[in-house]
file final-v3.csv (CSV, C-alpha atoms)
chain,number,residue,atom,x,y,z
A,1,MET,CA,0.0,0.0,0.0
A,2,ALA,CA,1.4,3.4,-1.1
A,3,LEU,CA,2.0,5.9,1.7
A,4,THR,CA,0.0,9.1,1.1
A,5,ALA,CA,-0.2,12.4,3.0
A,6,GLU,CA,-3.7,11.4,4.3
A,7,ASN,CA,-2.3,8.2,5.7
A,8,ILE,CA,0.4,10.1,7.5
A,9,THR,CA,-1.9,12.7,8.9
A,10,SER,CA,-4.5,10.2,10.0
A,11,LYS,CA,-2.0,7.9,11.6
A,12,LYS,CA,-2.6,7.3,15.3
A,13,PHE,CA,0.0,6.2,17.7
A,14,ASP,CA,-0.5,4.6,21.2
A,15,THR,CA,0.8,6.6,24.1
A,16,LYS,CA,3.0,5.1,26.7
A,17,MET,CA,5.0,6.3,29.5
A,18,ARG,CA,8.0,8.3,28.6
A,19,GLY,CA,6.8,8.3,24.9
A,20,TYR,CA,7.4,11.1,22.3
A,21,ASN,CA,5.8,14.4,22.6
A,22,GLN,CA,2.5,14.1,20.8
A,23,ALA,CA,2.5,17.7,19.6
A,24,GLU,CA,6.0,17.4,18.1
A,25,VAL,CA,5.1,14.1,16.5
A,26,GLY,CA,1.9,15.6,15.1
A,27,ALA,CA,3.8,18.6,13.7
A,28,PHE,CA,6.4,16.4,12.2
A,29,LEU,CA,3.8,14.1,10.6
A,30,ASN,CA,2.0,17.2,9.2
A,31,GLU,CA,5.3,18.4,7.7
A,32,VAL,CA,6.0,14.9,6.3
A,33,ALA,CA,2.5,14.7,4.9
A,34,ALA,CA,2.9,18.1,3.2
A,35,THR,CA,6.2,17.1,1.7
A,36,VAL,CA,4.7,13.8,0.5
A,37,ALA,CA,1.7,15.6,-0.9
A,38,GLU,CA,4.0,18.0,-2.8
A,39,LEU,CA,6.2,15.2,-4.0
A,40,THR,CA,3.2,13.3,-5.1
A,41,SER,CA,1.9,16.3,-7.0
A,42,GLN,CA,5.3,16.8,-8.6
A,43,ASN,CA,5.5,13.2,-9.5
A,44,ARG,CA,2.0,13.4,-11.1
A,45,GLU,CA,3.1,16.5,-13.1
A,46,LEU,CA,6.3,14.7,-14.2
A,47,GLN,CA,4.3,11.7,-15.3
A,48,GLU,CA,2.0,13.9,-17.3
A,49,GLU,CA,5.0,15.6,-18.8
A,50,VAL,CA,6.6,12.3,-19.6
A,51,ARG,CA,3.4,11.1,-21.2
A,52,ALA,CA,3.2,14.3,-23.3
A,53,ASN,CA,6.8,14.0,-24.3
A,54,GLU,CA,6.3,10.3,-25.2
A,55,GLU,CA,3.3,11.4,-27.3
A,56,LYS,CA,5.5,14.1,-28.9
A,57,LEU,CA,8.3,11.6,-29.4
A,58,LYS,CA,5.8,9.2,-31.0
A,59,TYR,CA,4.5,12.0,-33.3
A,60,PHE,CA,8.0,13.0,-34.3
A,61,ALA,CA,8.9,9.4,-34.9
A,62,ASP,CA,5.8,8.9,-37.0
A,63,LEU,CA,6.7,12.2,-38.8
A,64,LYS,CA,10.2,11.0,-39.4
A,65,ASP,CA,8.9,7.7,-40.9
A,66,SER,CA,6.5,9.7,-43.0
A,67,LEU,CA,9.2,12.0,-44.2
A,68,ASN,CA,11.5,9.1,-44.9
A,69,LYS,CA,8.8,7.5,-46.9
A,70,SER,CA,8.1,10.8,-48.7
A,71,ILE,CA,11.7,11.2,-49.5
A,72,LEU,CA,11.9,7.6,-50.8
A,73,VAL,CA,8.7,8.3,-52.9
A,74,ALA,CA,10.1,11.6,-54.1
A,75,GLN,CA,13.4,9.9,-55.0
A,76,GLU,CA,11.7,7.1,-56.8
A,77,ALA,CA,9.5,9.7,-58.7
A,78,ALA,CA,12.6,11.8,-59.5
A,79,ASP,CA,14.4,8.7,-60.8
A,80,LYS,CA,11.4,7.7,-62.8
A,81,VAL,CA,11.1,11.2,-64.3
A,82,LYS,CA,14.8,11.2,-65.0
A,83,ASN,CA,14.6,7.8,-66.7
A,84,ASN,CA,11.5,8.8,-68.7
A,85,ALA,CA,13.2,12.1,-69.7
A,86,LYS,CA,16.3,10.2,-70.8
A,87,LYS,CA,14.2,7.7,-72.8
A,88,GLU,CA,12.2,10.5,-74.4
A,89,ALA,CA,15.4,12.4,-75.2
A,90,GLU,CA,16.9,9.3,-76.8
A,91,ILE,CA,13.7,8.7,-78.8
A,92,THR,CA,13.7,12.4,-79.9
A,93,VAL,CA,17.3,12.1,-81.0
A,94,ARG,CA,16.6,8.9,-82.9
A,95,GLU,CA,13.6,10.5,-84.6
A,96,ALA,CA,15.6,13.7,-85.4
A,97,GLN,CA,18.4,11.6,-86.8
A,98,LYS,CA,16.0,9.5,-88.9
A,99,GLN,CA,14.3,12.7,-90.2
A,100,ALA,CA,17.7,14.2,-91.0
A,101,THR,CA,18.7,11.0,-92.8
A,102,ASP,CA,15.4,11.0,-94.7
A,103,ILE,CA,15.7,14.6,-95.7
A,104,VAL,CA,19.3,14.1,-96.9
A,105,ALA,CA,18.3,11.0,-98.8
A,106,ALA,CA,15.4,12.8,-100.4
A,107,ALA,CA,17.6,15.8,-101.3
A,108,ASN,CA,20.2,13.4,-102.8
A,109,GLU,CA,17.5,11.6,-104.7
A,110,LYS,CA,16.2,14.9,-106.1
A,111,ALA,CA,19.7,16.1,-106.8
A,112,ASN,CA,20.5,12.9,-108.7
A,113,LEU,CA,17.2,13.2,-110.6
A,114,VAL,CA,18.0,16.8,-111.6
A,115,ILE,CA,21.5,15.8,-112.6
A,116,GLU,CA,20.1,12.8,-114.6
A,117,ARG,CA,17.6,15.1,-116.3
A,118,ALA,CA,20.2,17.7,-117.0
A,119,ALA,CA,22.6,15.0,-118.4
A,120,ALA,CA,19.7,13.7,-120.6
A,121,SER,CA,18.9,17.2,-121.8
A,122,THR,CA,22.6,17.8,-122.5
A,123,ARG,CA,22.9,14.5,-124.4
A,124,LYS,CA,19.7,15.3,-126.4
A,125,LEU,CA,21.0,18.8,-127.1
A,126,THR,CA,24.3,17.5,-128.2
A,127,THR,CA,22.7,14.9,-130.4
A,128,GLU,CA,20.4,17.5,-132.0
A,129,THR,CA,23.4,19.8,-132.4
A,130,ASN,CA,25.4,17.1,-134.1
A,131,ASP,CA,22.4,16.2,-136.3
A,132,LEU,CA,22.0,19.9,-137.3
A,133,LYS,CA,25.7,20.1,-138.1
A,134,LYS,CA,25.5,17.0,-140.1
A,135,GLN,CA,22.5,18.2,-142.0
A,136,THR,CA,24.2,21.6,-142.5
A,137,ARG,CA,27.3,19.9,-143.9
A,138,ILE,CA,25.1,17.8,-146.2
A,139,PHE,CA,23.2,20.9,-147.3
A,140,ARG,CA,26.5,22.7,-148.0
A,141,GLN,CA,27.9,19.8,-150.0
A,142,ARG,CA,24.7,19.4,-152.0
A,143,LEU,CA,24.6,23.2,-152.6
A,144,GLN,CA,28.3,23.1,-153.6
A,145,VAL,CA,27.7,20.2,-156.1
A,146,MET,CA,24.7,22.0,-157.5
A,147,LEU,CA,26.6,25.3,-158.0
A,148,GLU,CA,29.5,23.4,-159.5
A,149,SER,CA,27.1,21.7,-162.0
A,150,GLN,CA,25.6,25.1,-162.8
A,151,LEU,CA,29.0,26.5,-163.3
A,152,GLU,CA,29.9,23.7,-165.6
A,153,VAL,CA,26.8,24.6,-167.7
A,154,VAL,CA,27.8,28.2,-167.8
A,155,LYS,CA,31.4,27.3,-168.9
A,156,SER,CA,30.1,24.9,-171.6
A,157,SER,CA,30.9,25.5,-175.3
A,158,GLU,CA,27.3,26.1,-176.1
A,159,TRP,CA,27.6,29.6,-174.5
A,160,ASP,CA,30.5,30.4,-176.8
A,161,GLU,CA,28.6,29.1,-179.8
A,162,LEU,CA,25.6,31.2,-178.7
A,163,LEU,CA,27.6,34.3,-178.3
A,164,ALA,CA,29.5,33.7,-181.6
A,165,ASN,CA,26.3,33.1,-183.7
A,166,ASP,CA,24.5,36.2,-184.9
A,167,ASP,CA,21.4,34.3,-186.0
A,168,ILE,CA,18.6,35.4,-183.8
A,169,SER,CA,16.3,32.6,-185.0
A,170,GLN,CA,18.4,30.1,-183.1
A,171,TYR,CA,18.1,31.7,-179.7
A,172,ASP,CA,14.8,30.0,-178.7
A,173,GLU,CA,16.2,26.5,-179.6
A,174,ILE,CA,19.5,27.2,-177.7
A,175,GLU,CA,17.6,28.5,-174.7
A,176,LYS,CA,15.5,25.4,-174.5
A,177,ILE,CA,18.5,23.2,-174.8
A,178,LEU,CA,20.4,25.1,-172.1
A,179,GLY,CA,17.4,25.2,-169.8
A,180,SER,CA,16.9,21.4,-170.2
A,181,ASN,CA,20.6,20.8,-169.4
A,182,LEU,CA,20.5,23.1,-166.4
A,183,ASP,CA,17.5,21.3,-164.9
A,184,LYS,CA,18.9,17.9,-165.6
A,185,ASN,CA,22.3,18.7,-164.2
A,186,SER,CA,20.8,20.3,-161.1
A,187,GLU,CA,18.5,17.5,-160.3
A,188,GLY,CA,21.1,14.8,-161.0
A,189,SER,CA,23.8,16.5,-158.9
A,190,VAL,CA,21.4,16.8,-155.9
A,191,GLU,CA,19.8,13.4,-156.1
A,192,SER,CA,22.4,11.1,-157.6
A,193,THR,CA,25.8,12.4,-156.4
A,194,PRO,CA,27.1,10.5,-153.3
A,195,ILE,CA,28.0,12.8,-150.5
A,196,ALA,CA,30.7,12.0,-147.9
A,197,GLU,CA,28.9,13.1,-144.7
A,198,GLU,CA,32.1,13.6,-142.7
A,199,GLN,CA,34.1,15.3,-145.5
A,200,PRO,CA,36.1,18.3,-144.1
A,201,SER,CA,34.9,21.7,-145.3
A,202,SER,CA,38.5,22.7,-146.2
A,203,GLN,CA,38.7,20.1,-149.0
A,204,ALA,CA,35.6,21.3,-150.8
A,205,PRO,CA,36.1,23.9,-153.6
A,206,ALA,CA,34.7,27.4,-152.9
A,207,PRO,CA,31.4,28.1,-154.6
A,208,SER,CA,31.4,30.6,-157.5
A,209,ASN,CA,29.0,33.4,-157.9
A,210,ALA,CA,28.2,32.9,-161.6
A,211,ALA,CA,25.2,34.3,-163.4
A,212,GLU,CA,22.7,31.7,-164.7
A,213,PRO,CA,20.7,31.9,-167.9
A,214,ALA,CA,17.3,33.4,-167.7
A,215,ALA,CA,15.7,30.1,-168.8
A,216,ALA,CA,17.5,28.0,-166.2
A,217,LYS,CA,15.4,26.5,-163.4
A,218,THR,CA,16.5,27.5,-160.0
A,219,VAL,CA,16.7,24.6,-157.5
A,220,VAL,CA,16.9,25.3,-153.7
A,221,ILE,CA,18.3,22.5,-151.6
A,222,PHE,CA,17.3,21.9,-147.9
A,223,PRO,CA,18.5,19.3,-145.4
A,224,ASP,CA,17.0,15.9,-145.6
A,225,GLY,CA,16.2,16.4,-149.3
A,226,GLU,CA,13.2,18.7,-148.7
A,227,SER,CA,12.4,21.3,-151.4
A,228,LYS,CA,10.4,24.4,-150.9
call {"tool": "encode", "arguments": {"input": "final-v3.csv", "output": "structure tokens"}}
result
Amino acid sequence: MALTAENITSKKFDTKMRGYNQAEVGAFLNEVAATVAELTSQNRELQEEVRANEEKLKYFADLKDSLNKSILVAQEAADKVKNNAKKEAEITVREAQKQATDIVAAANEKANLVIERAAASTRKLTTETNDLKKQTRIFRQRLQVMLESQLEVVKSSEWDELLANDDISQYDEIEKILGSNLDKNSEGSVESTPIAEEQPSSQAPAPSNAAEPAAAKTVVIFPDGESK
């Protein structure tokens, strides 16, 4: 049984001869009871304080655990965000590289197509130019042959006979003969004379500017044998 201040103050002692002074004993017991009561009150306050501190300690311990868990969750979230960002960055880089590669490939393909078209156009233009040069050479050679044939007609002895003869009645007959010869020689030189297509121009005689008789038929030669 715990000793309290009430127990001390209510305690009764038997009196005997030559015993303690009751007043002094009573006063001392009252003092002891007051001290015990004070100590009991202090002990109760201390117990309340300890209980409150224990509750606070428990609160802070729980708070510490919660903070630790929050830190762990935040760390995991940060790691997850970091990993996701890294993956997204890698995906973005790969896509950018692929797009750049596709753009370069498309540009190269277009450039190659343009180059091929330009080369084809150049080849076509070269071929057409060569054909035109060839046709021009043929035309020049045919024209040269025709002019030479006409010049031969002009240089023939029939002209001399015509100029030496004073008989006007023979002019019509000579004119018909000369005109027929001119037409025949012109057509024959153009259609029947073989032409060397690659004959250098320096080897061909220069054309002569000779006057033709009025009755001669004029023949104009065009490339590919076309007449207009």
call {"tool": "atom_distance", "arguments": {"input": "final-v3.csv", "atom1": "CA of Lys56 (chain A)", "atom2": "CA of Ser41 (chain A)"}}
result
22.3 Å
call {"tool": "atom_distance", "arguments": {"input": "final-v3.csv", "atom1": "CA of Glu54 (chain A)", "atom2": "CA of Lys69 (chain A)"}}
result
22.0 Å
call {"tool": "closest_residue", "arguments": {"input": "final-v3.csv", "among": "A:Met146, A:Ala107, A:Ile8, A:Ile91", "to": "Glu31 (chain A)", "atoms": "all atoms listed in the file"}}
result
A:Ile8
call {"tool": "build_atoms", "arguments": {"input": "final-v3.csv", "residues": "region 122-134 of chain A", "atoms": "N, CA and C atoms", "output": "CSV table (one decimal), in the coordinates of the input"}}
result
chain,number,residue,atom,x,y,z
A,122,THR,N,21.3,17.5,-121.8
A,122,THR,CA,22.6,17.8,-122.5
A,122,THR,C,22.9,16.8,-123.6
A,123,ARG,N,22.7,15.5,-123.4
A,123,ARG,CA,22.9,14.5,-124.4
A,123,ARG,C,22.0,14.8,-125.6
A,124,LYS,N,20.7,15.1,-125.3
A,124,LYS,CA,19.7,15.3,-126.4
A,124,LYS,C,20.1,16.5,-127.2
A,125,LEU,N,20.5,17.6,-126.4
A,125,LEU,CA,21.0,18.8,-127.1
A,125,LEU,C,22.2,18.6,-128.0
A,126,THR,N,23.1,17.8,-127.4
A,126,THR,CA,24.3,17.5,-128.2
A,126,THR,C,24.0,16.7,-129.4
A,127,THR,N,23.1,15.7,-129.3
A,127,THR,CA,22.7,14.9,-130.4
A,127,THR,C,22.0,15.8,-131.5
A,128,GLU,N,21.1,16.6,-131.0
A,128,GLU,CA,20.4,17.5,-132.0
A,128,GLU,C,21.4,18.5,-132.6
A,129,THR,N,22.4,19.0,-131.8
A,129,THR,CA,23.4,19.8,-132.4
A,129,THR,C,24.2,19.1,-133.5
A,130,ASN,N,24.6,17.9,-133.1
A,130,ASN,CA,25.4,17.1,-134.1
A,130,ASN,C,24.6,16.8,-135.4
A,131,ASP,N,23.3,16.5,-135.1
A,131,ASP,CA,22.4,16.2,-136.3
A,131,ASP,C,22.3,17.5,-137.2
A,132,LEU,N,22.1,18.6,-136.5
A,132,LEU,CA,22.0,19.9,-137.3
A,132,LEU,C,23.3,20.2,-138.0
A,133,LYS,N,24.4,19.9,-137.4
A,133,LYS,CA,25.7,20.1,-138.1
A,133,LYS,C,25.8,19.2,-139.2
A,134,LYS,N,25.4,17.9,-139.0
A,134,LYS,CA,25.5,17.0,-140.1
A,134,LYS,C,24.6,17.4,-141.3
